[in-house]
2 protein chains.
Amino acid sequence: MIMEETKLKVVGKPVQKIDGAELVTGKAKFTGDMKFPGMLYAYQRRAGVPAGKLTGIDFSDAVKMEGVAAVYTAKDLLGPNLVGILPPFDQPLLAHDDIRYAGESAALVVADTREHAKKAAAAVQLKIDTVEPILTVDEALEPNARKIHEQGNITFSKKLIKGDTAKGFAEADVIVENTYETSFQEHAYIEPEAVCALPSGDGRVTLYASCQSPFHIRGHIANNLNLPASRVKVIQAYTGGSFGGKDDVAVEIGVLAATAALKLGKPVMINHERGESIFGSNLRHASKISYKTGAKKDGTIIAREAKILLDGGAYASESPFVTMKALIHANGPYNVENVSIESTAVYTNKTYAGAFRGFGVPQVTFASESQIEELAEKLGIDSLEIRLKNGLKAGDKTATSQTYSQSVGFLDTVKKIREIRDGLAVSKDERYIYGTGIGSLLQGISNGAEGVDVVGASVQMSQDGSVLVGCGLTELGQGSRTVFAQIAAEVLGCGVDKVTVRQVDTDSVHDSGPTVASRTTTVGGMAVKKAAEAVKQSLVKMASLMFEAEESMVVLKDGFAVLSVDDNARIPLSDVATAAYWTGFPLMNLEFSKAPPADYDHDTHQGDIYIAYNFGTHLMQVRVDTWTGKVDVLRHAAAHDVGQVVNPIGVSGQIEGASLIGFGLSHMEKVEYRDGIIQNPNFADYAVPSIKDRIPTEAITVEDPTPHGPYGAKGIGEPPLAGASAAFANAVSDAVGHRFTKLPVTRGDILEIILKGDA
Amino acid sequence: MIMEETKLKVVGKPVQKIDGAELVTGKAKFTGDMKFPGMLYAYQRRAGVPAGKLTGIDFSDAVKMEGVAAVYTAKDLLGPNLVGILPPFDQPLLAHDDIRYAGESAALVVADTREHAKKAAAAVQLKIDTVEPILTVDEALEPNARKIHEQGNITFSKKLIKGDTAKGFAEADVIVENTYETSFQEHAYIEPEAVCALPSGDGRVTLYASCQSPFHIRGHIANNLNLPASRVKVIQAYTGGSFGGKDDVAVEIGVLAATAALKLGKPVMINHERGESIFGSNLRHASKISYKTGAKKDGTIIAREAKILLDGGAYASESPFVTMKALIHANGPYNVENVSIESTAVYTNKTYAGAFRGFGVPQVTFASESQIEELAEKLGIDSLEIRLKNGLKAGDKTATSQTYSQSVGFLDTVKKIREIRDGLAVSKDERYIYGTGIGSLLQGISNGAEGVDVVGASVQMSQDGSVLVGCGLTELGQGSRTVFAQIAAEVLGCGVDKVTVRQVDTDSVHDSGPTVASRTTTVGGMAVKKAAEAVKQSLVKMASLMFEAEESMVVLKDGFAVLSVDDNARIPLSDVATAAYWTGFPLMNLEFSKAPPADYDHDTHQGDIYIAYNFGTHLMQVRVDTWTGKVDVLRHAAAHDVGQVVNPIGVSGQIEGASLIGFGLSHMEKVEYRDGIIQNPNFADYAVPSIKDRIPTEAITVEDPTPHGPYGAKGIGEPPLAGASAAFANAVSDAVGHRFTKLPVTRGDILEIILKGDA
């Protein structure tokens, strides 16, 4: 690994995002920009009440309104009218009986313009016998609570048991215990959800979608339109952010648009408005976490117990997986002998919760890292020393008792942060108070035992030496195209400028599952590397024939095939590729990366789950204005073990971006419900960090390579979010001198504590 | 091979064309049907004179006309302004100096409608210093002829030498010698050429094209737009026939449309009118063939010598390959010890000639088969007996001295035809005269030593068991989708209805070269078979785990994985596929078929050239109306050795279709030139067989399998054309009692001979 790294020419070097120019110049065409002859627009008529029985729909007026082509209700759907992540799916596309949240769709109006469709949707009369909505997890879990779904209100519940916590706590010198809460969070991507379905005239349907997981959409369209999956083609259009948010809802509107398109024989667009994007699609789970940590006097943590309740809203969506992820990550990056975690997702009559960058980890990290601070305080030990003492290192056992013999760079991240912390100037003045907080975390890379980790990628070299890469995982703004281009260029010995990475469509690559779990660089990159290596093999074979030399003497570099013994013996790759083509050596390959099989017990949640973890430690220094409650982040250092940096610019960008969302989660963002209705479905009332709220993130990387990633690389998309979020909460608590246990800790919350004199 | 065949469940069974329904119902969307927002239309301003120097272009009026967006001339092109088949390319996209044929483009007008573009194109003033055009091969070859291209007027010339013809002729008892001529022929597909280029907003260009060889277009767009090939995506839209005709011209208009689209940042369509399709794109080469055959008294042919002159028109196009194909096939399906063939393509100031179904073989077959009849007459031996005596069989040496140990079913085709001939009733009456003609042929399958035979195909099974097939060779109406679906279904043990075959695009599959040389079923089918077998492997592995049985005990059939020892132990393929997906077995594979390397001497044209030949013998019985010259084909039997029938409906369709074009070539079709200008560029004046001219073709198949084709199959797309064409000529000569040596033999030609009393 070391040897390979020292020779790296493209991987590890800064590369500007290869699709950056068209994105910032507005040339990139998003789904909503598309127009096709005869295209219609569909708009969803939503319930508007959080709970009830739908007894009738009257669209006699709506269907006569200007421009309206059709109004569809549940009975017009061709298939089972069900979507979701795990079978048996629980979410109807169009309600036909129960109304389970206010954003639930009951009818789809198709018209010549979105405005006409929206107007007519408002004219659709829904007859709903309302019932009292269940709006909190506690209500939902009451013994006699109304069942939101037939099987009850528990969506999913899992328990992880490592060692014996009763024994552990009995041996503890100190115990800290607290309950933590976090709010729902909106993804707030620039581009709301959009799909456009086209009947392609051959019994096939094509869907352009701003989406995260095209194969997932394909499966649901096939299932709900009673079509073979091979007759559905989903093309991921440029996607203006997703963060987990364009998984479920892209399925939902994808199926609806495809249904209308096939019925009407015309292209049908669904392009959500911001409000729909907030109340009509999944949010981050709100949580309530009771946490207890026991330690010896010297700071050795010997037992941890947590009970996690996740508010999953009306439908299961990703709740099963978020529940599991929270379960596995609740202990954080610590080597603790006795761990007991229970994680439960609960149905309520609110917008369903699902995937969101971090995927349950930010919630539990906030709780766990608050506990570490509380413990440090109680023991009078520097919390960084507690982290160093208990932190995972190679050979240790994680909460699931998994052991990694390499790529466990956690302690290095703590040490890097300790250096910074130790160098911080301590300020003080009358009006402002200062605080520093730490947030350490781990985040599993890959689907691992949660799913399957097969990813397909194709690499094609043309006779001119240019390279086309396709992968089954999507570009969502995270820079995966650039990373893939670098990996292909590294293998093929050419410049990144020779590489194009194409849009994903379901026809041209193996079903690679969803683009989630920070696995794109690691698992997707590995597939690209393998596919490029197969092309390289043809080039090396051809060059060896051209040089009349052994294959082992051929090196690809700087756009040439070069003889290892004579750097002047060079043939341009375009010439080699042309010769290879005419000699009949394949110049395109489809390869697969497959994570090693996971040995995991789904009852005890013990065993090998992920191919690797990203580890990190964040430091945040804040200044709080005691007059106004305003918080300024003065310093934010985020150290992560990424295995191997592929693109330093990309890594920094991911750390900055995820941290800012973590900052929003901890400080600004709150979905406000009243009687089951979201009160702030817009960016005037829902505060999301803007460019002005940007925090001064310094990205610090530790490189402890994993054998399962390309050149050792591990993903960095999600991990910083939990670290920044926890560090912020700890910093503000430190500054104010008050342990905040609920996120977000808003300016108002801070001022309230200060004014109460608790600070 | 035999064992495998006896078990075939889908291959060999009649299957309706899988894309037939959308084609006959008008649902299929052709390039000309496409509309994109802001789309513009381009129209080519052509020279209008066959030869001269372009000294100036004045488009000052044209550019001001209604709807005109731009007028482009050669200097606006971004790259070398050259296209063609073989480098160095000789054909400019827009003329800038020499005008070499009347259809030559000198400017491209882009406007909001095709009508506006056409009108403005007519207003573009071309200043051309005309010169005397060279309009015949003989003129072109005169020693002091003006050079149409710098290097002279010989496009390409090749010589094949087997044995010693001088010695052969010296030993011959009889010699027949004659000169034969054939005319230009227009492809006359239903859909004229069309392309639509879209700037895709990411520095890439997408081209939808009615075309034959998308990779060929991609290369030329990249070259002429100075783009890496990886930034160009060519999608083959439904293509309403091609027959070789949508190879060159799709390149030409594809590059022009892409240039305009990139310059204007808008979609640009070029959709040829019928006239442009005739005078502005390649035709079948007219030919003049001097042929000499020497034989022993017993009918043994011992020497053949031919000199082939092909009129290639203004540009090389496919002339090099047509020259070579004519060279190799001129001797026909006969085992002759001494053969000497010279084949030369010549430049003239006429529309360039290029690929056309048959590709040089119909011209030489007409000559060769005329010779066989003349020889038979001279010797007084039944011509079928001469064919049987001299016909190739396994182990014999072809004209290139290639030996096949199997799949040489020629003699069986002759025998099948002899049976029919022997059973024919001999009619006679006053007004009508009757004749019977035979045409035997061979046609090489695969590019072989002419090019490279790597074809890529992908097969993807979804979790629902449906199958998506992609191949780098295109569906042109020949039924390749159906054949590919059958092969995939055969391998995967499912029904054809489970299989979808997708459109070809250059992103998703290996550059598979052009869809030519009757190689689609053979080489493409082999790639599909290999890709399907790779998927099968995953399914068998998974099923063996599910059955807890050895892989060798798993059979895929009827949509199930079945235990070979217990026919009731069945798991639906969808369940196996779902399990395989979640277990991480790849369900999509990209595989390549590669023909064995050809050992061929390009100087003597001796060696192994094709992986196989299709052999055939046709019989045509005609009735000629002596009052009007009208010919009725009473009987047409076409026996072909196809190795293995994949789809009997498809094979019959190909034999019928190719035969009808052969009939057109021999009887009806004639491109009329006057002073270098085509006089009949429309279907009112250019007679092409219509549905009313359909001849009663009976398709007869011989199955002598080749190891190089899937299940032994050999292509049938081109071969029947030459057979039908030769058989017709011989039948009419027989009826009229006059040896016709020029094709077409029209009603007028026949009547002229009859009236002269020569009959």
# chains A, B, ... in the order shown; residues from 1 in each chain; ligands from 1

call {"tool": "closest_atom_pairs", "arguments": {"of": "chain B", "to": "chain A", "cutoff": "6 Å", "atoms": "only C-alpha atoms", "output": "JSON lines"}}
result
{"residue": "B:Glu22", "atom": "CA", "partner": "A:Asp202", "partner_atom": "CA", "distance": 5.8}
{"residue": "B:Lys27", "atom": "CA", "partner": "A:Gly201", "partner_atom": "CA", "distance": 5.1}
{"residue": "B:Ala28", "atom": "CA", "partner": "A:Gly201", "partner_atom": "CA", "distance": 5.0}
{"residue": "B:Phe36", "atom": "CA", "partner": "A:Phe36", "partner_atom": "CA", "distance": 5.9}
{"residue": "B:Gly201", "atom": "CA", "partner": "A:Ala28", "partner_atom": "CA", "distance": 5.0}
{"residue": "B:Asp202", "atom": "CA", "partner": "A:Glu22", "partner_atom": "CA", "distance": 5.8}
{"residue": "B:Pro228", "atom": "CA", "partner": "A:Ser466", "partner_atom": "CA", "distance": 5.7}
{"residue": "B:Ser230", "atom": "CA", "partner": "A:Leu468", "partner_atom": "CA", "distance": 5.1}
{"residue": "B:Val452", "atom": "CA", "partner": "A:Trp582", "partner_atom": "CA", "distance": 5.8}
{"residue": "B:Val454", "atom": "CA", "partner": "A:Gly584", "partner_atom": "CA", "distance": 5.6}
{"residue": "B:Ser466", "atom": "CA", "partner": "A:Ser230", "partner_atom": "CA", "distance": 5.6}
{"residue": "B:Val467", "atom": "CA", "partner": "A:Ser230", "partner_atom": "CA", "distance": 5.7}
{"residue": "B:Leu468", "atom": "CA", "partner": "A:Ser230", "partner_atom": "CA", "distance": 5.1}
{"residue": "B:Ser508", "atom": "CA", "partner": "A:Ser508", "partner_atom": "CA", "distance": 5.1}
{"residue": "B:His510", "atom": "CA", "partner": "A:Met588", "partner_atom": "CA", "distance": 5.3}
{"residue": "B:Trp582", "atom": "CA", "partner": "A:Val452", "partner_atom": "CA", "distance": 5.8}
{"residue": "B:Gly584", "atom": "CA", "partner": "A:Val454", "partner_atom": "CA", "distance": 5.6}
{"residue": "B:Met588", "atom": "CA", "partner": "A:His510", "partner_atom": "CA", "distance": 5.2}
{"residue": "B:Leu590", "atom": "CA", "partner": "A:Leu590", "partner_atom": "CA", "distance": 5.8}

call {"tool": "residues_around", "arguments": {"residues": "Ser105 of chain A", "least_positions_apart": "3", "cutoff": "12 Å", "atoms": "only C-alpha atoms", "output": "MDAnalysis selection string"}}
result
chainID A and resid 43:50 54 57 72:74 81 91:102 108:109 121 124 126 249 252:253 256 276 279:281 351

call {"tool": "closest_residue", "arguments": {"among": "B:Ile308, B:Ala188, B:Ala367, B:Val10", "to": "Gly275 of chain B", "atoms": "only C-alpha atoms"}}
result
B:Ala188

call {"tool": "select_by_dssp", "arguments": {"residues": "segment 431-525 of chain B", "states": "helix (DSSP H, G or I)", "output": "list in words"}}
result
Gly448, Ala449, Glu450, Ser480, Arg481, Thr482, Val483, Phe484, Ala485, Gln486, Ile487, Ala488, Ala489, Glu490, Val491, Leu492, Val496, Asp497, Lys498, Thr520, Thr521, Thr522, Val523, Gly524 and Gly525 of chain B

call {"tool": "write_last_selection", "arguments": {"atoms": "C-alpha atoms", "output": "PDB file, in the first residue's frame"}}
result
ATOM      1  CA  GLY B 448     -12.622 -10.947 -41.094  1.00  0.00           C
ATOM      2  CA  ALA B 449      -9.305  -9.839 -42.454  1.00  0.00           C
ATOM      3  CA  GLU B 450     -11.004  -6.731 -43.882  1.00  0.00           C
ATOM      4  CA  SER B 480     -31.308  -8.419 -34.815  1.00  0.00           C
ATOM      5  CA  ARG B 481     -33.149  -7.452 -31.652  1.00  0.00           C
ATOM      6  CA  THR B 482     -35.320 -10.508 -31.994  1.00  0.00           C
ATOM      7  CA  VAL B 483     -32.336 -12.741 -32.665  1.00  0.00           C
ATOM      8  CA  PHE B 484     -30.479 -11.346 -29.648  1.00  0.00           C
ATOM      9  CA  ALA B 485     -33.564 -11.789 -27.475  1.00  0.00           C
ATOM     10  CA  GLN B 486     -33.851 -15.411 -28.578  1.00  0.00           C
ATOM     11  CA  ILE B 487     -30.225 -16.130 -27.836  1.00  0.00           C
ATOM     12  CA  ALA B 488     -30.426 -14.539 -24.384  1.00  0.00           C
ATOM     13  CA  ALA B 489     -33.667 -16.376 -23.644  1.00  0.00           C
ATOM     14  CA  GLU B 490     -32.151 -19.656 -24.806  1.00  0.00           C
ATOM     15  CA  VAL B 491     -29.170 -19.270 -22.491  1.00  0.00           C
ATOM     16  CA  LEU B 492     -31.167 -18.030 -19.519  1.00  0.00           C
ATOM     17  CA  VAL B 496     -38.411 -14.175 -25.319  1.00  0.00           C
ATOM     18  CA  ASP B 497     -41.109 -12.015 -23.730  1.00  0.00           C
ATOM     19  CA  LYS B 498     -38.867 -11.553 -20.713  1.00  0.00           C
ATOM     20  CA  THR B 520     -24.778  -9.311 -36.603  1.00  0.00           C
ATOM     21  CA  THR B 521     -26.269 -12.700 -35.811  1.00  0.00           C
ATOM     22  CA  THR B 522     -22.934 -14.450 -35.951  1.00  0.00           C
ATOM     23  CA  VAL B 523     -20.495 -12.138 -34.185  1.00  0.00           C
ATOM     24  CA  GLY B 524     -23.030 -10.012 -32.299  1.00  0.00           C
ATOM     25  CA  GLY B 525     -25.065 -13.054 -31.339  1.00  0.00           C
TER      26      GLY B 525
END

call {"tool": "select_by_dssp", "arguments": {"residues": "segment 482-604 of chain A", "states": "strand (DSSP E or B)", "output": "list of chain:residue names"}}
result
A:Val499, A:Thr500, A:Val501, A:Asp505, A:Val554, A:Val555, A:Leu556, A:Lys557, A:Phe560, A:Ala561, A:Val562, A:Leu563, A:Asp566, A:Asp567, A:Asn568, A:Ala569, A:Arg570, A:Ile571, A:Pro572, A:Met588, A:Asn589, A:Leu590, A:Glu591, A:Phe592, A:Ser593, A:Lys594, A:Tyr600, A:Asp601

call {"tool": "closest_residue", "arguments": {"among": "B:Ser242, B:Thr55, B:Val11, B:Tyr686", "to": "Gly495 of chain B", "atoms": "only C-alpha atoms"}}
result
B:Val11

call {"tool": "atom_distance", "arguments": {"atom1": "atom CA of Ala170 of chain A", "atom2": "atom CA of Ile289 of chain A"}}
result
21.9 Å

call {"tool": "atom_distance", "arguments": {"atom1": "atom CA of Ala69 of chain A", "atom2": "atom CA of Ala123 of chain A"}}
result
14.4 Å

call {"tool": "atom_distance", "arguments": {"atom1": "atom CA of Asn682 of chain B", "atom2": "atom CA of Tyr352 of chain B"}}
result
17.7 Å

call {"tool": "residues_around", "arguments": {"residues": "Ala735 of chain A", "least_positions_apart": "2", "cutoff": "6 Å", "atoms": "only C-alpha atoms", "output": "mmCIF file with C-alpha atoms, in the first residue's frame"}}
result
data_model
loop_
_atom_site.group_PDB
_atom_site.id
_atom_site.type_symbol
_atom_site.label_atom_id
_atom_site.label_comp_id
_atom_site.auth_asym_id
_atom_site.auth_seq_id
_atom_site.Cartn_x
_atom_site.Cartn_y
_atom_site.Cartn_z
ATOM 1 C CA ILE A 433 -18.360 34.486 26.486
ATOM 2 C CA TYR A 434 -16.194 31.828 24.894
ATOM 3 C CA GLY A 435 -16.335 28.086 24.786
ATOM 4 C CA VAL A 732 -22.001 26.313 23.393
ATOM 5 C CA SER A 733 -22.581 24.329 26.577
ATOM 6 C CA GLY A 737 -21.835 26.907 31.340
#

call {"tool": "residues_around", "arguments": {"residues": "Ile270 of chain B", "least_positions_apart": "3", "cutoff": "8 Å", "atoms": "only C-alpha atoms", "output": "PyMOL selection string"}}
result
chain B and resi 41-43+194-196+253+257

call {"tool": "residues_around", "arguments": {"residues": "Glu305 of chain A", "least_positions_apart": "2", "cutoff": "9 Å", "atoms": "only C-alpha atoms", "output": "VMD selection string"}}
result
chain A and resid 165 290 to 294 303 307 331 338 to 342
